[in-house]
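Enquirer: Got a structure for you, questions after.
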Amino acid sequence: MALALLRGGRAAALLAGGRARSSGPGPGPGPGPFQPQRVAVVAKTTRFEFEQQRGGEREAALRQRLATKGSSYCGLLERHHRHTVNVQHVLDSLRKEGIEVRLVKRRDYTDETVQWADAIVSAGGDGTMLLTASKVFGRLKPVIGVNTDPERSLGHLCLPLKYTHCFSDALRKLQQGEFRWQWRQRIRICLEGVGFNATPVDLHEQQLSLEQHTTAHRKATNNGVGSRVSDQSKLLPVRALNEVFVGESLSSRPSYYEISIDNGPWEKHKNSGLNVCTGTGSRAWSYNINKLASQEVEDLLLIAQERGHVALQMDRDSVEQVTDHYNDSLIFSPEEPRLFFSIREPIVNRVFTSTLHRGFTSKMSIRSRCWDACMVVDGGTSFEFNDGAVATLTVEEEDALCTVLLEE
């Protein structure tokens with residue numbers, strides 16, 4: 001307990017005093033400099049490492065296997081070296097400041113590592129950042145992303161690309177308080193009823209076929225690890241930074257469930273799946289589900305002009321402005337404590353009304369009527385979610401993830 005209090009004190013000290021300031025709508029830990037004593041660096045497993053570990057063969061055999069898939073051995077090796085050099089740069093920069101550093105690969109990243117560290121650096125891309133954040137609970141543990149392969153990854157959740165090769169500059173800004181705290185809201189998931197299994201299947205380090213994915217869920221249930229029947233709600237041991245997706249494992253099979261928005265009446269839905277995102281995730285999958293192309297907007301404006309006898313300006317710039325205005329409305333701040341849901345390809349008939357296909361909410365409940373469905377958190381953690389299972393999705397202030405925005 002004394003050790004826990006000591007580490008809690010270090011975390012509080014890390015976020016206290018100095019010039020850095022909060023940017024969130026709610027109360028934060030308070031302004032403070034970035035002065036960690038211990039930093040864990042979580043490095044991604046590169047595609048080259050993954051192929052090596054999966055095959056276990058000699059170099060010549062690996063080259064041949066990659067060639068049969070149309071992949072370049074030399075290209076994968078080059079990107080692996082690039083990532084390794086950039087990770088080493090982060091480690092050297094931290095150690096130069098007298099900070100104790102622990103480097104862990106994604107598969108070795110545990111709760112013990114999180115408890116040990118005062119701050120965590122994700123070294124990879126957005127996928128590594130999502131995995132790193134998934135084990136961090138509470139508001140006092142900063143998580144910082146560094147894009148170690150900027151030529152191949154956009155890294156929206158990471159520091160600006162210029163800091164990949166000069167992380168020491170970013171560290172200097174952090175130590176001098178030239179940044180502001182940003183608390184990214186996350187989704188909390190509670191399950192109840194029957195038909196669910198609260199034991200997660202980790203997708204981050206696996207390339208699973210549909211059969212393997214289903215088998216992994218069944219194996220957890222048969223081993224008695226999970227729970228298919230529950231009289232009480234079960235809080236899942238993850239928080240969604242980007243989104244939660246619910247749908248049948250076989251994508252060609254319609255997903256059937258009932259939803260309640262903000263404690264409203266239950267509605268029957270049949271579609272290609274449900275996406276519920278945060279402000280952080282509003283720039284990711286959710287955006288691509290809902291965005292419009294200028295061609296679609298132009299077609300709609302032409303119909304409005306022909307049917308409504310409305311005088312509309314139809315030049316390319318005007319169409320682009322309307323398109324951008326609509327698409328921009330799909331994005332909201334990572335700090336806003338609300339959710340945005342998107343129902344993909346809804347089936348509408350006399351049975352399935354589907355009055356709302358997308359919109360904002362503070363609470364969403366989903367009752368599964370599916371046969372072989374899953375609930376996937378941030379594309380990396382899958383939970384069995386079949387007929388009779390009920391999930392309640394909310395945003396709670398204490399679940400927000402502490403990140404930074406550097407002053408430029």
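Just remember, in the structure tokens the first chain shown is A, the second B, etc., residues are 1-based per chain, and ligands are 1-based in the order shown.
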Hey, which bits of stretch 224-313 of chain A sit within 6 Å of stretch 341-355 of chain A, and for each residue what's the closest pair of atoms and how far apart in Å (one decimal), counting only C-alpha atoms, rows by chain and increasing number, as JSON lines?
Expert:
{"residue": "A:Lys268", "atom": "CA", "partner": "A:Phe352", "partner_atom": "CA", "distance": 5.5}
{"residue": "A:His269", "atom": "CA", "partner": "A:Phe352", "partner_atom": "CA", "distance": 5.5}
{"residue": "A:Lys270", "atom": "CA", "partner": "A:Ile347", "partner_atom": "CA", "distance": 5.6}
{"residue": "A:Asn271", "atom": "CA", "partner": "A:Pro346", "partner_atom": "CA", "distance": 4.4}
{"residue": "A:Ser272", "atom": "CA", "partner": "A:Arg344", "partner_atom": "CA", "distance": 5.2}
{"residue": "A:Gly273", "atom": "CA", "partner": "A:Arg344", "partner_atom": "CA", "distance": 5.6}
{"residue": "A:Leu274", "atom": "CA", "partner": "A:Ile343", "partner_atom": "CA", "distance": 4.8}
{"residue": "A:Asn275", "atom": "CA", "partner": "A:Ser342", "partner_atom": "CA", "distance": 5.1}
{"residue": "A:Val276", "atom": "CA", "partner": "A:Phe341", "partner_atom": "CA", "distance": 4.3}
Enquirer: Residues of the last selection are to be written out with C-alpha atoms, as a compact mmCIF listing (two decimals), in the first residue's frame.
Expert:
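Result file follows (selection.txt):
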# COMPACT_ATOMS: atom_id res chain seq x y z
CA LYS A 268 -35.41 -3.29 -33.52
CA HIS A 269 -32.55 -2.95 -35.96
CA LYS A 270 -31.13 -5.13 -38.72
CA ASN A 271 -28.07 -3.87 -40.57
CA SER A 272 -24.35 -4.39 -41.22
CA GLY A 273 -23.27 -3.44 -37.72
CA LEU A 274 -23.22 -0.61 -35.22
CA ASN A 275 -20.31 1.78 -34.62
CA VAL A 276 -20.20 3.95 -31.49
Enquirer: Among stretch 194-391 of chain A, which ones does DSSP assign to strand (DSSP E) (computed from the backbone)? Answer as a PyMOL selection string.
Expert: chain A and resi 194+196-202+229-235+243-248+255-261+267-271+274-277+339-343+358-361+363-368+373-377+381-385+389-391
Enquirer: Between A:Ser122, A:Thr361, A:Asn386, A:Gln115, which residue has the minimum interatomic distance to A:Gly247, considering only C-alpha atoms?
Expert: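 Of the candidates, the smallest distance to A:Gly247 is held by A:Asn386.
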Enquirer: Could you tell me how far atom CA of A:Trp181 sits from atom CA of A:Leu140, in Å to one decimal place?
Expert: 10.7 Å
Enquirer: Rounded to one decimal in Å, what is the spacing between atom CA of A:Arg180 and atom CA of A:Leu241?
Expert: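 Answer for the atom CA of A:Arg180 to atom CA of A:Leu241 separation: 19.2 Å.
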Enquirer: Set the distance at 12 Å and use only C-alpha atoms: which residues neighbour stretch 63-71 of chain A once local chain neighbours fewer than 5 positions away are removed? I'd like the list as a ChimeraX atom specification.
Expert: /A:47-48,50-52,54-58,76-77
Enquirer: Which value, in Å to one decimal, gives the distance between atom CA of A:Val322 and atom CA of A:Leu302?
Expert: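 Answer for the atom CA of A:Val322 to atom CA of A:Leu302 separation: 13.0 Å.
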Enquirer: Find the residues near A:Glu298: any atom within 12 Å, counting only C-alpha atoms, skip ones fewer than 5 places away on the same chain, and give them as a ChimeraX atom specification.
Expert: /A:292-293,303-305,312-323
Enquirer: What's around A:Leu174 at 7 Å? Count only C-alpha atoms, leave out sequence neighbours fewer than 4 positions away in its own chain, and write the answer as a list of chain:residue names.
Expert: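 These residues fall inside the cut-off: A:Pro33, A:Phe34, A:Ala170, A:Glu178, A:Phe179.
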Enquirer: Keeping only N, CA and C atoms, write those residues as a compact mmCIF listing (two decimals), in the first residue's frame.
Expert:
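Here's the written file out-v2.txt:
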# COMPACT_ATOMS: atom_id res chain seq x y z
N PRO A 33 4.35 20.68 -14.89
CA PRO A 33 5.39 20.27 -15.83
C PRO A 33 5.41 18.77 -15.98
N PHE A 34 6.14 18.30 -16.94
CA PHE A 34 6.26 16.87 -17.20
C PHE A 34 7.62 16.44 -16.67
N ALA A 170 10.79 17.50 -28.29
CA ALA A 170 9.49 17.32 -27.67
C ALA A 170 9.63 17.17 -26.16
N GLU A 178 5.79 23.64 -21.98
CA GLU A 178 5.29 24.25 -23.21
C GLU A 178 4.31 23.30 -23.90
N PHE A 179 3.26 22.98 -23.21
CA PHE A 179 2.24 22.07 -23.71
C PHE A 179 0.98 22.26 -22.89
Enquirer: Counting only C-alpha atoms, which residue out of A:Ile144, A:Val90, A:Val136, A:Val114 sits closest to A:Pro237?
Expert: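 Checking each of A:Ile144, A:Val90, A:Val136, A:Val114 against A:Pro237, counting only C-alpha atoms, the winner is A:Val136.
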Enquirer: As number ranges by chain, please: all residues of stretch 241-339 of chain A that backbone DSSP puts in helix (DSSP H, G or I).
Expert: A: 281-283, 285-290, 294-308, 316-328
Enquirer: Considering only C-alpha atoms, can you say which of A:Glu59, A:Asp149, A:Glu112, A:Glu49 comes closest to A:His83?
Expert: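 Once distances to A:His83 are computed over only C-alpha atoms, the minimum belongs to A:Asp149.
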